[in-house]
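This is coords05.txt (compact mmCIF, C-alpha atoms).
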```
# COMPACT_ATOMS: atom_id res chain seq x y z
CA MET A 1 19.42 18.79 3.93
CA THR A 2 21.79 19.42 1.05
CA SER A 3 22.02 17.11 -1.94
CA HIS A 4 25.28 15.81 -3.40
CA SER A 5 26.08 15.25 -7.05
CA SER A 6 27.03 11.58 -6.48
CA VAL A 7 23.74 10.71 -4.78
CA PRO A 8 21.04 9.22 -7.07
CA VAL A 9 17.85 11.26 -7.35
CA ILE A 10 14.72 9.14 -6.99
CA ASP A 11 12.30 9.26 -9.91
CA ILE A 12 9.10 10.16 -8.09
CA THR A 13 7.01 9.52 -11.23
CA GLY A 14 7.48 5.75 -10.78
CA ARG A 15 8.19 5.13 -14.46
CA ASP A 16 10.67 2.31 -13.77
CA ILE A 17 10.45 1.41 -10.09
CA HIS A 18 11.94 -2.07 -10.40
CA GLY A 19 14.75 -0.96 -12.68
CA GLU A 20 15.53 1.86 -10.28
CA ASN A 21 15.62 -0.53 -7.32
CA GLU A 22 17.99 -2.81 -9.19
CA ARG A 23 20.32 0.09 -9.92
CA LEU A 24 20.23 1.08 -6.27
CA ARG A 25 20.81 -2.53 -5.19
CA ALA A 26 23.97 -2.54 -7.27
CA ARG A 27 25.29 0.25 -5.03
CA GLY A 28 24.90 -1.96 -1.95
CA PRO A 29 22.18 -3.25 0.39
CA VAL A 30 21.67 0.30 1.68
CA THR A 31 22.61 3.46 -0.17
CA GLN A 32 21.91 7.16 0.11
CA VAL A 33 19.42 8.77 -2.27
CA GLU A 34 17.83 12.16 -2.81
CA LEU A 35 14.09 12.61 -2.43
CA PRO A 36 12.06 15.69 -3.43
CA GLY A 37 13.06 18.86 -1.64
CA SER A 38 16.73 17.79 -1.58
CA VAL A 39 15.96 15.43 1.32
CA LEU A 40 18.69 12.81 1.68
CA ALA A 41 17.59 9.38 2.86
CA TRP A 42 18.94 5.85 3.13
CA TRP A 43 17.36 3.42 0.66
CA VAL A 44 17.30 -0.24 1.74
CA THR A 45 16.88 -2.98 -0.91
CA ASP A 46 18.26 -6.12 0.81
CA HIS A 47 15.60 -8.57 2.04
CA ALA A 48 17.51 -9.73 5.11
CA LEU A 49 18.53 -6.20 6.10
CA ILE A 50 14.97 -4.94 5.70
CA LYS A 51 13.72 -7.65 8.08
CA ARG A 52 16.41 -6.65 10.57
CA LEU A 53 15.61 -2.96 10.39
CA LEU A 54 11.84 -3.50 10.64
CA THR A 55 12.38 -5.15 14.04
CA ASP A 56 15.34 -3.05 15.19
CA PRO A 57 14.48 -0.84 18.20
CA ARG A 58 16.95 1.72 16.82
CA VAL A 59 14.54 2.38 13.91
CA SER A 60 11.30 4.33 14.34
CA ARG A 61 8.48 5.71 12.18
CA ASP A 62 7.76 8.51 14.65
CA THR A 63 8.55 11.58 12.56
CA TYR A 64 7.86 14.02 15.37
CA GLN A 65 10.29 12.45 17.81
CA HIS A 66 13.07 11.21 15.59
CA TRP A 67 13.45 13.40 12.49
CA PRO A 68 15.14 16.66 13.48
CA ALA A 69 14.45 18.22 10.07
CA TRP A 70 10.72 17.89 10.74
CA GLY A 71 10.93 20.29 13.66
CA ASN A 72 7.91 18.71 15.37
CA GLY A 73 5.85 19.59 12.30
CA GLU A 74 6.72 23.29 12.41
CA SER A 75 9.77 23.46 10.13
CA GLU A 76 9.70 24.84 6.60
CA LEU A 77 10.14 21.29 5.33
CA ALA A 78 7.12 20.09 7.29
CA ARG A 79 4.98 22.92 5.95
CA THR A 80 5.93 22.58 2.29
CA TRP A 81 7.36 19.13 1.53
CA SER A 82 5.48 17.31 -1.23
CA LEU A 83 5.73 13.99 0.63
CA ALA A 84 4.66 15.39 4.01
CA MET A 85 1.42 13.38 4.05
CA TRP A 86 3.43 10.16 4.06
CA VAL A 87 5.21 11.00 7.31
CA ALA A 88 2.91 13.35 9.23
CA ASP A 89 0.20 10.94 10.37
CA ARG A 90 -0.22 9.67 13.93
CA ASN A 91 -1.61 6.14 14.08
CA MET A 92 -0.52 2.63 14.92
CA ILE A 93 2.09 2.34 12.16
CA THR A 94 3.96 5.40 13.45
CA ALA A 95 3.64 4.47 17.13
CA TYR A 96 5.88 2.25 19.26
CA GLY A 97 5.81 0.67 22.70
CA THR A 98 2.69 1.18 24.78
CA ASP A 99 1.20 3.63 22.26
CA HIS A 100 1.51 1.05 19.48
CA THR A 101 0.00 -1.67 21.65
CA ARG A 102 -2.92 0.60 22.55
CA LEU A 103 -3.65 1.66 18.97
CA ARG A 104 -3.14 -1.74 17.36
CA LYS A 105 -5.39 -3.40 19.93
CA LEU A 106 -8.22 -1.04 18.97
CA VAL A 107 -7.76 -1.53 15.23
CA ALA A 108 -7.19 -5.27 15.44
CA ARG A 109 -10.73 -5.72 16.76
CA ALA A 110 -11.95 -5.07 13.22
CA PHE A 111 -9.68 -7.73 11.69
CA THR A 112 -9.94 -10.74 13.97
CA ALA A 113 -9.95 -14.10 12.22
CA ARG A 114 -13.60 -14.59 13.14
CA ARG A 115 -14.70 -11.16 11.88
CA THR A 116 -12.70 -11.54 8.66
CA ALA A 117 -14.20 -14.98 7.98
CA ALA A 118 -17.67 -13.59 8.62
CA LEU A 119 -17.16 -11.12 5.76
CA ARG A 120 -16.83 -13.89 3.16
CA PRO A 121 -20.52 -14.05 2.11
CA ARG A 122 -20.67 -10.29 1.74
CA ILE A 123 -17.46 -10.19 -0.32
CA GLU A 124 -18.81 -12.96 -2.56
CA ALA A 125 -21.99 -10.94 -3.09
CA ILE A 126 -20.02 -7.77 -3.88
CA VAL A 127 -17.85 -9.64 -6.41
CA THR A 128 -20.89 -11.23 -8.07
CA GLY A 129 -22.67 -7.89 -8.33
CA ILE A 130 -19.66 -6.18 -9.89
CA LEU A 131 -19.15 -9.04 -12.36
CA ASP A 132 -22.83 -8.80 -13.31
CA ARG A 133 -22.32 -5.09 -13.97
CA ILE A 134 -19.29 -5.81 -16.17
CA THR A 135 -21.23 -8.49 -18.05
CA ALA A 136 -23.91 -5.92 -18.84
CA LEU A 137 -21.46 -3.49 -20.44
CA PRO A 138 -21.75 -3.01 -24.23
CA PRO A 139 -20.08 -5.97 -25.92
CA GLY A 140 -17.03 -5.63 -28.13
CA GLN A 141 -15.48 -2.68 -26.30
CA PRO A 142 -12.36 -2.91 -24.11
CA VAL A 143 -13.06 -2.91 -20.39
CA ASP A 144 -10.66 -1.29 -17.91
CA LEU A 145 -10.51 -3.97 -15.22
CA ARG A 146 -8.65 -1.72 -12.80
CA ALA A 147 -11.52 0.76 -12.84
CA GLU A 148 -14.35 -1.74 -13.23
CA PHE A 149 -13.18 -4.62 -11.00
CA ALA A 150 -9.87 -4.23 -9.15
CA TYR A 151 -10.96 -0.87 -7.75
CA PRO A 152 -14.64 -1.27 -6.77
CA VAL A 153 -14.33 -4.62 -4.97
CA PRO A 154 -11.94 -3.56 -2.16
CA VAL A 155 -13.43 -0.05 -2.06
CA GLN A 156 -16.89 -1.45 -1.37
CA VAL A 157 -15.56 -3.90 1.22
CA ILE A 158 -13.56 -1.38 3.23
CA SER A 159 -16.23 1.31 2.90
CA GLU A 160 -18.83 -0.99 4.43
CA LEU A 161 -16.44 -2.16 7.13
CA LEU A 162 -15.57 1.40 8.15
CA GLY A 163 -19.02 2.83 7.51
CA ILE A 164 -17.84 5.48 5.05
CA PRO A 165 -20.92 7.58 4.19
CA ASP A 166 -22.00 7.34 0.55
CA GLU A 167 -22.15 11.12 0.18
CA VAL A 168 -18.44 11.45 1.03
CA ARG A 169 -16.93 8.31 -0.43
CA ASP A 170 -16.29 9.38 -4.02
CA ASP A 171 -14.63 12.63 -2.96
CA LEU A 172 -12.58 10.77 -0.36
CA LEU A 173 -11.43 8.24 -2.96
CA GLY A 174 -10.42 11.05 -5.30
CA SER A 175 -8.43 12.71 -2.56
CA VAL A 176 -6.63 9.48 -1.65
CA HIS A 177 -5.82 8.92 -5.32
CA ALA A 178 -4.31 12.41 -5.47
CA ILE A 179 -2.09 11.66 -2.46
CA MET A 180 -0.79 8.52 -4.19
CA GLN A 181 0.49 10.61 -7.12
CA THR A 182 3.90 11.33 -5.71
CA ALA A 183 4.95 13.47 -8.67
CA SER A 184 2.63 16.27 -7.49
CA SER A 185 4.14 19.69 -6.88
CA GLU A 186 4.50 21.04 -3.35
CA GLU A 187 1.47 23.27 -3.88
CA GLU A 188 -0.66 20.43 -5.24
CA ALA A 189 0.44 18.07 -2.47
CA LYS A 190 -0.42 20.58 0.25
CA ALA A 191 -3.83 21.28 -1.30
CA ASN A 192 -4.47 17.53 -1.50
CA GLU A 193 -3.50 17.14 2.15
CA HIS A 194 -5.91 19.85 3.30
CA GLU A 195 -8.73 18.37 1.23
CA LEU A 196 -8.12 14.84 2.50
CA TYR A 197 -8.22 15.92 6.13
CA ARG A 198 -11.32 18.05 5.52
CA LEU A 199 -13.10 14.98 4.16
CA LEU A 200 -11.89 12.74 6.97
CA HIS A 201 -13.20 15.18 9.57
CA GLU A 202 -16.48 15.23 7.64
CA VAL A 203 -16.66 11.43 7.83
CA VAL A 204 -16.13 11.56 11.60
CA ALA A 205 -18.74 14.29 12.01
CA ILE A 206 -21.32 12.30 10.03
CA LYS A 207 -20.64 9.14 12.03
CA ARG A 208 -21.14 11.07 15.25
CA GLU A 209 -24.55 12.16 14.00
CA ARG A 210 -25.43 8.83 12.37
CA PRO A 211 -23.61 6.01 14.21
CA GLY A 212 -23.83 2.53 12.77
CA ASP A 213 -22.57 -1.02 13.12
CA ASP A 214 -19.15 -0.22 11.71
CA VAL A 215 -15.53 0.24 12.73
CA THR A 216 -15.52 4.06 12.67
CA THR A 217 -18.46 4.17 15.07
CA ALA A 218 -16.69 1.69 17.33
CA LEU A 219 -13.55 3.83 17.32
CA LEU A 220 -15.59 6.93 18.11
CA GLN A 221 -16.86 5.23 21.23
CA VAL A 222 -13.34 5.07 22.68
CA VAL A 223 -12.11 8.55 21.77
CA ASP A 224 -10.49 10.25 24.78
CA GLU A 225 -11.42 7.53 27.24
CA THR A 226 -10.45 8.61 30.72
CA ASP A 227 -8.42 5.45 31.39
CA GLY A 228 -5.95 6.44 28.66
CA GLY A 229 -6.83 3.45 26.51
CA GLY A 230 -8.76 5.34 23.88
CA LEU A 231 -7.95 7.55 20.92
CA SER A 232 -7.29 11.23 20.64
CA GLU A 233 -9.18 13.06 17.89
CA ARG A 234 -6.02 13.24 15.75
CA GLU A 235 -5.34 9.52 16.24
CA LEU A 236 -8.96 8.75 15.32
CA VAL A 237 -8.82 10.68 12.05
CA ASP A 238 -5.41 9.28 11.11
CA THR A 239 -6.51 5.75 11.97
CA VAL A 240 -9.57 6.04 9.72
CA MET A 241 -7.29 7.40 6.98
CA LEU A 242 -4.84 4.51 7.42
CA MET A 243 -7.54 1.83 7.38
CA PHE A 244 -9.38 3.30 4.41
CA THR A 245 -6.26 3.99 2.34
CA ALA A 246 -4.32 0.81 3.07
CA GLY A 247 -7.57 -1.14 3.13
CA HIS A 248 -8.27 -0.53 -0.53
CA GLU A 249 -5.20 0.79 -2.38
CA THR A 250 -3.02 -2.22 -1.62
CA THR A 251 -5.78 -4.68 -2.56
CA VAL A 252 -6.57 -2.75 -5.76
CA ASN A 253 -2.93 -3.15 -6.78
CA LEU A 254 -2.93 -6.82 -5.78
CA PHE A 255 -5.95 -7.47 -8.03
CA ASP A 256 -4.46 -5.35 -10.83
CA GLN A 257 -1.07 -7.07 -10.82
CA ALA A 258 -2.47 -10.59 -10.37
CA ILE A 259 -4.82 -10.15 -13.34
CA PHE A 260 -1.94 -8.74 -15.40
CA ALA A 261 0.30 -11.65 -14.38
CA MET A 262 -2.25 -14.25 -15.42
CA LEU A 263 -3.00 -12.59 -18.76
CA THR A 264 0.71 -12.31 -19.58
CA HIS A 265 1.49 -15.86 -18.37
CA PRO A 266 -1.24 -17.99 -19.97
CA ASP A 267 0.72 -21.19 -19.33
CA GLN A 268 0.50 -20.56 -15.59
CA LEU A 269 -3.18 -19.65 -15.85
CA ASP A 270 -3.73 -23.02 -17.55
CA ARG A 271 -1.97 -24.74 -14.64
CA VAL A 272 -4.29 -22.97 -12.21
CA ARG A 273 -7.31 -24.12 -14.20
CA ARG A 274 -5.99 -27.70 -14.21
CA GLY A 275 -5.56 -27.57 -10.45
CA GLU A 276 -1.78 -27.86 -10.58
CA LEU A 277 -1.45 -24.43 -8.96
CA GLY A 278 -3.80 -22.71 -6.56
CA TRP A 279 -5.02 -19.13 -6.57
CA ASP A 280 -3.24 -18.68 -3.26
CA ASP A 281 0.01 -19.46 -5.10
CA VAL A 282 -0.83 -16.74 -7.64
CA ILE A 283 -1.63 -14.28 -4.86
CA GLU A 284 1.59 -14.87 -2.92
CA GLU A 285 3.77 -14.74 -6.03
CA THR A 286 2.06 -11.53 -7.10
CA LEU A 287 2.77 -9.99 -3.69
CA ARG A 288 6.42 -10.99 -4.04
CA TRP A 289 6.78 -9.95 -7.68
CA GLN A 290 4.80 -6.71 -7.49
CA ALA A 291 4.51 -5.43 -3.92
CA PRO A 292 1.39 -3.22 -3.74
CA PHE A 293 3.36 -0.49 -1.96
CA VAL A 294 6.76 -0.86 -3.56
CA ASN A 295 8.64 1.73 -1.48
CA LEU A 296 7.55 3.35 1.77
CA PRO A 297 8.92 6.52 3.36
CA LEU A 298 10.01 7.16 6.06
CA ARG A 299 11.64 5.57 9.08
CA TYR A 300 14.38 7.14 11.20
CA ALA A 301 17.50 6.09 13.05
CA VAL A 302 16.84 6.59 16.76
CA GLU A 303 20.57 6.24 17.31
CA GLU A 304 23.60 5.62 15.12
CA ILE A 305 23.38 2.33 13.19
CA GLU A 306 26.48 0.73 11.72
CA LEU A 307 25.85 -1.50 8.71
CA GLY A 308 29.20 -2.71 7.47
CA GLU A 309 30.83 0.12 5.57
CA VAL A 310 27.75 2.32 5.97
CA THR A 311 26.80 4.25 9.08
CA ILE A 312 23.31 5.68 9.39
CA ALA A 313 23.50 8.69 11.68
CA ARG A 314 20.97 9.39 14.39
CA GLY A 315 17.96 11.18 12.90
CA ASP A 316 18.66 10.10 9.31
CA PRO A 317 15.55 9.10 7.32
CA ILE A 318 15.22 5.61 5.83
CA VAL A 319 13.12 4.28 2.94
CA ILE A 320 12.21 0.59 2.95
CA ALA A 321 12.04 -0.79 -0.60
CA PHE A 322 9.52 -3.62 -0.16
CA GLY A 323 9.44 -4.27 -3.89
CA ALA A 324 13.20 -4.72 -3.98
CA ALA A 325 13.01 -7.17 -1.08
CA GLY A 326 10.62 -9.32 -3.09
CA ARG A 327 13.06 -9.45 -5.99
CA ASP A 328 16.24 -9.97 -4.00
CA PRO A 329 18.36 -12.50 -5.96
CA LEU A 330 19.98 -13.62 -2.69
CA VAL A 331 16.57 -15.01 -1.72
CA HIS A 332 14.93 -15.81 -5.07
CA GLY A 333 17.89 -16.48 -7.35
CA ILE A 334 18.56 -15.26 -10.86
CA SER A 335 14.86 -15.58 -11.77
CA ALA A 336 13.78 -13.10 -9.08
CA ASP A 337 12.39 -10.67 -11.67
CA GLN A 338 10.20 -13.33 -13.26
CA PHE A 339 6.65 -14.30 -12.26
CA ASP A 340 6.44 -17.97 -11.28
CA ALA A 341 3.47 -19.05 -9.19
CA ALA A 342 5.18 -22.41 -8.60
CA ARG A 343 8.24 -20.72 -7.09
CA PRO A 344 9.14 -22.49 -3.82
CA GLY A 345 9.90 -19.17 -2.12
CA ARG A 346 6.79 -17.32 -3.28
CA ARG A 347 5.68 -16.74 0.32
CA GLU A 348 9.04 -15.26 1.31
CA HIS A 349 8.07 -11.64 0.78
CA LEU A 350 7.53 -8.58 2.94
CA ALA A 351 4.65 -7.04 0.99
CA PHE A 352 2.57 -6.67 4.16
CA GLY A 353 5.47 -5.61 6.34
CA HIS A 354 7.21 -7.51 9.12
CA GLY A 355 7.35 -7.52 12.89
CA VAL A 356 5.03 -5.51 15.13
CA HIS A 357 3.86 -3.40 12.20
CA HIS A 358 2.82 -6.31 9.99
CA CYS A 359 -0.45 -5.30 8.33
CA VAL A 360 -3.48 -6.37 10.39
CA GLY A 361 -5.61 -6.30 7.23
CA ALA A 362 -3.45 -8.79 5.30
CA PRO A 363 -5.85 -11.73 5.81
CA LEU A 364 -8.74 -9.62 4.49
CA ALA A 365 -6.78 -8.57 1.39
CA ARG A 366 -5.83 -12.18 0.70
CA MET A 367 -9.42 -13.33 1.14
CA GLU A 368 -10.76 -10.66 -1.23
CA ALA A 369 -8.25 -11.76 -3.87
CA ALA A 370 -8.95 -15.46 -3.26
CA ILE A 371 -12.66 -14.82 -3.86
CA GLY A 372 -12.41 -12.25 -6.64
CA LEU A 373 -9.74 -13.69 -8.93
CA PRO A 374 -11.26 -17.13 -9.61
CA ALA A 375 -14.70 -15.56 -9.97
CA LEU A 376 -13.38 -13.12 -12.58
CA PHE A 377 -11.53 -15.75 -14.63
CA ASP A 378 -14.47 -18.18 -14.40
CA ARG A 379 -16.87 -15.51 -15.66
CA PHE A 380 -14.59 -14.41 -18.53
CA PRO A 381 -12.36 -17.41 -19.36
CA ALA A 382 -11.30 -16.09 -22.79
CA MET A 383 -10.41 -12.50 -21.86
CA VAL A 384 -7.13 -11.07 -23.11
CA LEU A 385 -5.29 -7.79 -22.77
CA ALA A 386 -6.66 -5.19 -25.16
CA GLU A 387 -3.28 -3.46 -25.48
CA PRO A 388 0.31 -4.75 -25.59
CA ALA A 389 1.60 -5.40 -22.09
CA ASP A 390 4.63 -3.16 -22.54
CA GLN A 391 2.40 -0.21 -23.45
CA LEU A 392 0.45 -0.20 -20.18
CA ARG A 393 1.47 2.80 -18.10
CA PRO A 394 2.28 2.55 -14.38
CA LEU A 395 0.74 4.81 -11.79
CA GLU A 396 2.52 8.14 -11.38
CA SER A 397 3.90 7.07 -8.03
CA PHE A 398 7.08 5.59 -6.62
CA ILE A 399 5.02 4.19 -3.71
CA SER A 400 1.75 2.73 -5.06
CA ASN A 401 2.44 -0.01 -7.60
CA GLY A 402 -0.21 -0.58 -10.24
CA HIS A 403 -1.34 0.39 -13.74
CA GLN A 404 -3.17 3.53 -14.70
CA ARG A 405 -5.47 1.37 -16.81
CA LEU A 406 -5.82 -2.39 -17.33
CA PRO A 407 -7.85 -2.71 -20.57
CA VAL A 408 -9.03 -6.17 -21.56
CA THR A 409 -11.23 -7.67 -24.25
CA LEU A 410 -13.73 -9.98 -22.57
CA ARG A 411 -14.66 -12.06 -25.64
```
Once more with this new file: its structure as structure tokens, please.
Amino acid sequence: MTSHSSVPVIDITGRDIHGENERLRARGPVTQVELPGSVLAWWVTDHALIKRLLTDPRVSRDTYQHWPAWGNGESELARTWSLAMWVADRNMITAYGTDHTRLRKLVARAFTARRTAALRPRIEAIVTGILDRITALPPGQPVDLRAEFAYPVPVQVISELLGIPDEVRDDLLGSVHAIMQTASSEEEAKANEHELYRLLHEVVAIKRERPGDDVTTALLQVVDETDGGGLSERELVDTVMLMFTAGHETTVNLFDQAIFAMLTHPDQLDRVRRGELGWDDVIEETLRWQAPFVNLPLRYAVEEIELGEVTIARGDPIVIAFGAAGRDPLVHGISADQFDAARPGRREHLAFGHGVHHCVGAPLARMEAAIGLPALFDRFPAMVLAEPADQLRPLESFISNGHQRLPVTLR
């Protein structure tokens, strides 16, 4: 695809994701942008339109069927594009119809209400153990709560749920972190992709040799079932990748941003402590205010879509700006950019998606936050940010929405 001088170029470093979304919103509810590699895409910022498109049968996430430029994964773009990992997977979020039903049914077994509720005692124990470790750190020194709390809690939970072997986990986490850095060069991105898949195949191989009472083992038991209801090897690997990545990265960012919100809004933290607001209010407002995945490429027009003065041609790629939806002034008014846990519309967000692809792990993420946040603030009631809020640097990503570091003084 060829770029045009009047088309905004997306800042893939994520330095000002909300400001960028506001500038794009000013151009209309959907506008054309340029992604790396001179790829032109439609960027959607309007809450109502996003909900429509997420349930519109004319929109698909199947890159292989509906993006001509992808060339079924064999085009030059597919081989070299720095964002290829975000569109090349084959799992339930890229499938539709009977394939989606088949894949989601298999994954949903791990996230039933009963199974999620049964995880509560284990999550409480994980949180307590991590807080004990933080308490034992040398006093008087700033503590990076993203690294020491927001990160290890969901990583431990999802690792145990999936049965990620200890000998692979750290390397796998490093590889996932590399994929999230969307400012990587084409060469770096391709190397990261190869390494991630190498590690995922290693996980599968280990679980075949050492099966356990975990989700990956359960998925392995239905690979290539003769009745067509199982998983292919590629679907298995991509499903493990999806569950591991989405199962911790989004929750890490939820913890990160909720802690930041409370430390920068002490009046609202006081209201929580007085019982005037609940931690669930903080969680939902955080999801609205700072969507964990702020933008997500790509979807595609299965056929021509007319949206007022804009026409999305068949095969055109689409980016859904979930973070922009959460700050849509048509839904949340002139204070949409402000954090307010008492906001009446705090639950009117799309942070976990919408429609058939709504995140099956959303209840688990909410439960982790509902356990971890009050435990953290009860253990360290006087903690404050160790650096000015406006000096904290965002992740180098226009997709994953968190801080590089979240230093606090525990007092």
**Message:** Given only C-alpha atoms as the basis, pick out the residue of A:Trp81, A:Phe398, A:Phe149, A:Trp42 nearest to Thr128 (chain A).
**Reply:**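 Of all the options, A:Phe149 lies closest to Thr128 (chain A).
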**Request:** Could you please determine the separation between CA of Gly278 (chain A) and CA of Pro388 (chain A) in Å, to one decimal place?
**Result:**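 For CA of Gly278 (chain A) relative to CA of Pro388 (chain A), the distance reads 26.5 Å.
Considering all atoms listed in the file, the residue among A:Arg288, A:Lys190, A:Arg114, A:Arg379 positioned nearest to His349 (chain A) is A:Arg288.
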**Request:** List the neighbours of region 11-13 of chain A out to 6 Å using all atoms listed in the file; skip same-chain residues closer than 4 positions along the sequence, and give me the result as a ChimeraX atom specification.
**Result:** /A:182-183,396-398
**Request:** Have a look at CA of Pro138 (chain A) and CA of Ile371 (chain A) and let me know their distance in Å, one decimal.
**Result:** 25.2 Å
**Message:** Give me the residues near region 342-347 of chain A as a list in words, where near means some atom within 7 Å (using only C-alpha atoms) and where sequence neighbours in that chain fewer than 4 positions away do not count.
**Reply:**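 Once the adjacent positions are removed, what remains is Leu277, Asp281, Glu284, Glu285, Arg288 and His332 of chain A.
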**Request:** Find the residues with any atom within 12 Å of (-17.0, -1.3, 14.2); use only C-alpha atoms and the coordinates as given in the file, and write the answer as an MDAnalysis selection string.
**Result:** chainID A and resid 106:112 115 158:164 207 211:222 240
**Request:** Check the smallest atom-to-atom distance from each of A:Ala117, A:Ala369, A:Ile399, A:Leu242 to Ala291 (chain A) using all atoms listed in the file, then report the winner.
**Result:**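 For Ala291 (chain A), the nearest of the given residues is A:Ile399.
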**Item:** Straight-line distance linking CA of Ile334 (chain A) with CA of Ser400 (chain A), stated in Å to one decimal
**Value:**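 Result for CA of Ile334 (chain A) versus CA of Ser400 (chain A): 25.3 Å, one decimal.
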